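*Asks:* Here you go, one structure.
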Amino acid sequence: MMIGLTSGVARAQAPSFQGAPRAFWIAPPDVPGDSFVVFHARRAFSLPSAPGRFVVHVSADNRYRLYVNGALASSGPQRADVAHWRYETVDIAPRLRVGRNVIAAVVWNWGAARPVAQHSHRSGLLVQGESATESALVNTGPGWKLLVDSAYRPVVITNATVAGYYAGPPGEALDGGPYPWGWQEIDYDDSRWFTVAATPPSGPAAPLAAFERPPAGGIVGVARRRAAIGPTTGELFGWQLEPRSIPAMDESVQRLTTVRRVAGITTDGAFLRGAGDLVVPAHTSATLLLDQSHTTNAYPVIEASGGSGSRVTITYAEALVDAAGNKGNRNDVDGRTIRGVHDVFLPDGGAHHVFQPLYWRSFRYVQLEITTEAAPLVIHDVHGVFTGYPLRERARFASDQPWLEDVWRMDWNGARIGAFETYMDTPYYEQLQYVGDTRVQALISLYMSGDDRLVRQAIEQFDASRIPEGLTTSRYPSALPQIIPPFSLIYVLMVGDYDRHRDDRAFVRQRLAGIRGILDWYAERIDSTGLLGPMPYWNYLDWASGWDAGVPPGAIDGHSAAITLLYAYALSRAAELEAHVGADAMAAEYRHRAAGVLAATRARAWDSDRQLFRDATGANAFSQQTNVLAVLAGAVPPADRRALMERVLTDTSLTKATYYFSFYLFDALREAGLADRLIEQMAPWREMLRLGLTSTPENPEPTRSDSHAWAAHPNYFLLSTVLGIQPASAGFRTVRVAPALGPLQRAEGSVPHPRGDIDVQFTRVGRTGLRAVVTLPAGLSGELVWAGRHRALHAGQQELSLN
């Protein structure tokens, strides 16, 4: 049907462009818009000649995969909220032919089991042709065929299933019997499918969602908002459509490498290479444990024949666990079992049927549990189709310490699989874009790939998440709002990072209203002591041992030095932003606020005996976190920072920073003139390698997640601190190269810059000298700093000796 009031939502149309008629959102009849459903949609049309261009715009709720003549053409929509719902623009001309053509889509709504990150208005599909020609042939509306696929049901994944907090999508159970095999192919018979009526349902016809013409040159960039829906009244209802702002996700075949364990049958593993069949005889129970050799995100694919009445359960895990639930070395499988997210496939006995879940899975290990009835099951092939945001590794790092390159590979894999249509804290457990995680991930992206599109989107989404009080939510998109006030301060720091690395004042200026609201919210909570009083919501700072739910002392009752210092740090960075856009009065106001907060913190939280800041006034609690923030916020005079950070590193009684907050510890080392100590502080990452980790974990052992990109930050510091490549002015208009080699005798690498790559090679000469080769892209200048000596840098290659 075309969505109308009879289904509980007003009819939706997309306005024409280039005189094209408007398309309707369509969905099967008699299906509640918020319930679990998988449906297929098809439209056949004929072409007298092969077109050179045939552009369509596509969206759906929750998600879709679009096929043209059986070939995948698009997948989406880009994840967003209903107020910023996205559509993809695709030129399908290369897949079209003379004569009969079929455009087809599978659309699904996870219903009550949908991921926390998934917003939804109701189930629906929209296809809109770019011009009148395309629209007449493919616009969703009358003539489209629809089929509710009864073969699917959700496999609900709970916290107990994965032994930890789970917020991701459900698994899937697919019954091959009722499944419409070949539904996307050009010659499939859809004559029994429901046909969308030529007349919309009765009732008010005010449109609720609309396209606008994409910006010239494509859809990448800042999307222009369409006119208010209901143009005479300004009322907004349903999906508010905007063009996709990021590129399509990568999809490429990725083969599992090894059969690690097998029971009930024998195999030479040829099926993993697509080079031979795995035959599971009738009346057999078999189990195969497959190893990808590293954590990944992929659509698992199983091609099978026969096996009517069989059952195949596919379980995915980052690691196996022992009887006590411990992971240990991630390469070990003996005496260990698998648990976690799983799918179920019920073969129907057909030949060469391919099972692939609608959505990708995250895993290192995959276990197949197969039971057959009267017919044998023949598995021809098992592989994955890797998917993720198309980050490209432009940066490089090499040194005379080979283990650092192993850390580099582990960190890059973690960053890579932590990026899809948004950044994700963990691709396995949550798939949520948190502010705290994303600041780290954004810097890794900027330094390792140079791609800032996902960074910009994250900043825009956090800005759009703000609640009336002024704070951002802790994560977004998220259908379940969560407030972590310190993450709003980290959002301010993230915008500051973007401003330092990209010359984009217009974008930064658009964020200032939100930043001012955040800082005003905090200003209202400064009490008579000059520190922050009792703080509402969840004031998470770090998963530190001894801190209840990651909340530092004083955050709940008041006078937390750590949270107050983070506020001061955000004020100083906000002052920098305001000054860069010419708002000098606001910059001065923020500097004034920061000075007052820092003076109060020094007066009330400094312990002169221990020469450290307490975690809260009157508390006998001290941490690395609080003292690191004191350095970063400017609470410590420059001459005293080095000594304070030495105490932070050596005092074992302090609450220790975890992998996440060590990002700030590493930053403070640089600020305190101890950047040469950074590599020694990377010892925990060397231990990760010893444990067989192939991406960075959430926390020290025992850890829930083995893929948390917030711990992949050493790659950023290898480039920004060890190689020393940093912006010297706003927008990265100039560069400062200040290498801190520590124990290294040699290091080299490159960092992508908007003007081109910055390439450096460093070799120690004697105890204090340095031989450097630095190449800057055209239009970029800066300076090289080594042991207090400064040398000017210009575009092009230069060789320098500093003795």
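In the structure tokens, chains take the letters A, B, ... in the order shown, each chain's residues start at 1, and ligands count up from 1 in the order shown.
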Within 10 Å of range 607-617 of chain A, counting only C-alpha atoms, which residues show up once you throw out same-chain ones fewer than 6 positions away? Write them as an NGL selection string, please.

*Replies:* :A and (529 or 531 or 552-555 or 557-564 or 601 or 623-630 or 635-636 or 643-645 or 647-648 or 654-655)

*Asks:* Skip range 739-756 of chain A itself and residues of its chain fewer than 3 positions away, then list as a list in words all residues within 6 Å of it, counting only C-alpha atoms.

*Replies:*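 Counting only the stated atoms, we get Ala395, Arg396, Phe397, Ala398, Ser399, Asp400, Tyr447, Gly450, Ala675, Asp676, Val722, Leu723, Gly724, Asp759, Val760, Gln761, Phe762, Thr763, Arg764 and Pro777 of chain A.
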
*Asks:* Next, dump the selected residues to file, keeping only all heavy atoms, as a short mmCIF file (atom, residue, chain, number, x, y, z; two decimals), in the first residue's frame.

*Replies:*
data_model
loop_
_atom_site.label_atom_id
_atom_site.label_comp_id
_atom_site.auth_asym_id
_atom_site.auth_seq_id
_atom_site.Cartn_x
_atom_site.Cartn_y
_atom_site.Cartn_z
N ALA A 395 48.49 7.31 6.28
CA ALA A 395 49.62 7.54 7.17
C ALA A 395 50.52 6.31 7.23
O ALA A 395 50.09 5.19 6.91
CB ALA A 395 49.13 7.88 8.57
N ARG A 396 51.74 6.50 7.64
CA ARG A 396 52.64 5.37 7.87
C ARG A 396 53.56 5.71 9.02
O ARG A 396 53.80 6.89 9.34
CB ARG A 396 53.45 5.03 6.61
CG ARG A 396 54.40 6.10 6.16
CD ARG A 396 55.15 5.72 4.90
NE ARG A 396 56.12 6.77 4.54
CZ ARG A 396 57.37 6.80 5.01
NH1 ARG A 396 57.80 5.85 5.84
NH2 ARG A 396 58.18 7.79 4.66
N PHE A 397 54.07 4.67 9.67
CA PHE A 397 55.04 4.82 10.76
C PHE A 397 55.96 3.62 10.74
O PHE A 397 55.51 2.47 10.61
CB PHE A 397 54.33 4.91 12.12
CG PHE A 397 55.30 4.99 13.27
CD1 PHE A 397 55.78 6.22 13.69
CD2 PHE A 397 55.74 3.85 13.93
CE1 PHE A 397 56.68 6.32 14.74
CE2 PHE A 397 56.65 3.94 14.98
CZ PHE A 397 57.11 5.17 15.38
N ALA A 398 57.25 3.87 10.87
CA ALA A 398 58.25 2.80 10.96
C ALA A 398 59.36 3.26 11.88
O ALA A 398 59.64 4.46 11.98
CB ALA A 398 58.80 2.44 9.59
N SER A 399 59.98 2.31 12.57
CA SER A 399 61.05 2.65 13.50
C SER A 399 61.96 1.44 13.67
O SER A 399 61.77 0.40 13.03
CB SER A 399 60.46 3.06 14.86
OG SER A 399 59.97 1.92 15.55
N ASP A 400 62.94 1.59 14.55
CA ASP A 400 63.85 0.48 14.84
C ASP A 400 63.32 -0.42 15.95
O ASP A 400 64.03 -1.30 16.42
CB ASP A 400 65.25 1.00 15.20
CG ASP A 400 65.24 1.99 16.34
OD1 ASP A 400 64.17 2.56 16.63
OD2 ASP A 400 66.30 2.21 16.97
N TYR A 447 44.42 11.71 11.34
CA TYR A 447 45.87 11.48 11.23
C TYR A 447 46.21 10.29 10.34
O TYR A 447 47.25 10.30 9.67
CB TYR A 447 46.49 11.31 12.61
CG TYR A 447 47.01 12.60 13.17
CD1 TYR A 447 46.14 13.54 13.70
CD2 TYR A 447 48.36 12.91 13.15
CE1 TYR A 447 46.60 14.75 14.19
CE2 TYR A 447 48.84 14.11 13.63
CZ TYR A 447 47.96 15.04 14.15
OH TYR A 447 48.42 16.23 14.62
N GLY A 450 43.12 11.04 6.79
CA GLY A 450 42.86 12.36 6.26
C GLY A 450 41.40 12.60 5.89
O GLY A 450 41.03 13.69 5.48
N ALA A 675 57.33 14.04 26.59
CA ALA A 675 56.90 13.25 25.44
C ALA A 675 57.83 12.07 25.18
O ALA A 675 57.40 11.05 24.63
CB ALA A 675 56.82 14.14 24.20
N ASP A 676 59.10 12.18 25.58
CA ASP A 676 60.04 11.07 25.38
C ASP A 676 59.68 9.85 26.22
O ASP A 676 60.23 8.76 26.00
CB ASP A 676 61.46 11.51 25.70
CG ASP A 676 62.08 12.30 24.55
OD1 ASP A 676 61.94 11.87 23.39
OD2 ASP A 676 62.69 13.36 24.81
N VAL A 722 55.49 11.16 18.79
CA VAL A 722 56.80 10.56 18.48
C VAL A 722 57.38 11.21 17.22
O VAL A 722 58.51 11.69 17.23
CB VAL A 722 56.67 9.04 18.33
CG1 VAL A 722 58.01 8.44 17.93
CG2 VAL A 722 56.20 8.42 19.65
N LEU A 723 56.60 11.25 16.14
CA LEU A 723 57.04 12.00 14.96
C LEU A 723 56.85 13.50 15.15
O LEU A 723 57.47 14.30 14.45
CB LEU A 723 56.30 11.53 13.72
CG LEU A 723 56.53 10.07 13.29
CD1 LEU A 723 55.81 9.79 11.98
CD2 LEU A 723 58.00 9.73 13.18
N GLY A 724 55.95 13.86 16.06
CA GLY A 724 55.82 15.26 16.47
C GLY A 724 55.10 16.16 15.50
O GLY A 724 55.30 17.38 15.52
N ASP A 759 55.77 14.30 5.20
CA ASP A 759 56.63 13.12 5.31
C ASP A 759 57.89 13.49 6.09
O ASP A 759 58.50 14.55 5.84
CB ASP A 759 57.03 12.63 3.92
CG ASP A 759 57.66 11.25 3.97
OD1 ASP A 759 56.91 10.26 3.91
OD2 ASP A 759 58.90 11.17 4.08
N VAL A 760 58.25 12.63 7.05
CA VAL A 760 59.42 12.91 7.90
C VAL A 760 60.27 11.66 8.06
O VAL A 760 59.76 10.54 8.06
CB VAL A 760 59.00 13.45 9.28
CG1 VAL A 760 58.25 14.76 9.17
CG2 VAL A 760 58.18 12.42 10.04
N GLN A 761 61.58 11.86 8.19
CA GLN A 761 62.53 10.80 8.52
C GLN A 761 63.51 11.36 9.54
O GLN A 761 64.10 12.42 9.32
CB GLN A 761 63.29 10.35 7.27
CG GLN A 761 62.43 9.83 6.14
CD GLN A 761 63.24 9.59 4.88
OE1 GLN A 761 64.35 9.05 4.92
NE2 GLN A 761 62.69 10.01 3.75
N PHE A 762 63.67 10.66 10.65
CA PHE A 762 64.53 11.12 11.72
C PHE A 762 65.54 10.03 12.09
O PHE A 762 65.19 8.85 12.21
CB PHE A 762 63.72 11.47 12.97
CG PHE A 762 62.68 12.53 12.75
CD1 PHE A 762 61.34 12.28 12.99
CD2 PHE A 762 63.04 13.79 12.29
CE1 PHE A 762 60.38 13.24 12.79
CE2 PHE A 762 62.08 14.77 12.09
CZ PHE A 762 60.75 14.51 12.34
N THR A 763 66.79 10.45 12.30
CA THR A 763 67.84 9.56 12.77
C THR A 763 68.63 10.30 13.85
O THR A 763 69.08 11.44 13.63
CB THR A 763 68.79 9.14 11.64
OG1 THR A 763 68.03 8.56 10.58
CG2 THR A 763 69.82 8.12 12.13
N ARG A 764 68.80 9.66 14.99
CA ARG A 764 69.61 10.26 16.05
C ARG A 764 71.08 10.30 15.61
O ARG A 764 71.58 9.37 14.97
CB ARG A 764 69.49 9.46 17.34
CG ARG A 764 68.18 9.66 18.09
CD ARG A 764 68.26 8.95 19.44
NE ARG A 764 67.05 9.09 20.21
CZ ARG A 764 66.77 10.12 21.02
NH1 ARG A 764 67.65 11.10 21.14
NH2 ARG A 764 65.64 10.15 21.71
N PRO A 777 53.89 19.53 1.86
CA PRO A 777 53.17 19.77 0.60
C PRO A 777 53.19 21.24 0.21
O PRO A 777 53.47 22.12 1.04
CB PRO A 777 51.75 19.29 0.92
CG PRO A 777 51.62 19.45 2.40
CD PRO A 777 52.98 19.18 2.97
#

*Asks:* At a cut-off of 6 Å, using only C-alpha atoms, what residues contact range 173-178 of chain A? Leave out same-chain residues fewer than 2 positions from it and give the result as number ranges by chain.

*Replies:* A: 151-153, 343-348

*Asks:* Could you state the separation of CA of Ile265 in chain A and CA of Ile302 in chain A in Å, given to one decimal place?

*Replies:*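 So the two atoms, CA of Ile265 in chain A and CA of Ile302 in chain A, lie 17.8 Å apart.
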
*Asks:* Quick one: which range 104-124 of chain A residues come within 9 Å of range 455-477 of chain A, and what is the nearest atom pair for each with the distance in Å to one decimal, counting only C-alpha atoms, rows ordered by chain and ascending number, as a tab-separated table?

*Replies:*
residue	atom	partner	partner_atom	distance
A:Val116	CA	A:Pro477	CA	8.5
A:Ala117	CA	A:Pro477	CA	5.4
A:Gln118	CA	A:Pro477	CA	7.1
A:His119	CA	A:Pro477	CA	7.3

*Asks:* Considering only C-alpha atoms, return as a ChimeraX atom specification whatever protein or nucleic-acid residues lie within 8 Å of Asp277 in chain A, sequence-local ones (same chain, fewer than 4 positions apart) excluded.

*Replies:* /A:270-271,378-381

*Asks:* When you draw a straight line from CA of Ala351 in chain A to CA of Leu289 in chain A, how long is it in Å?

*Replies:*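 About the pair CA of Ala351 in chain A and CA of Leu289 in chain A: they are 24.5 Å apart.
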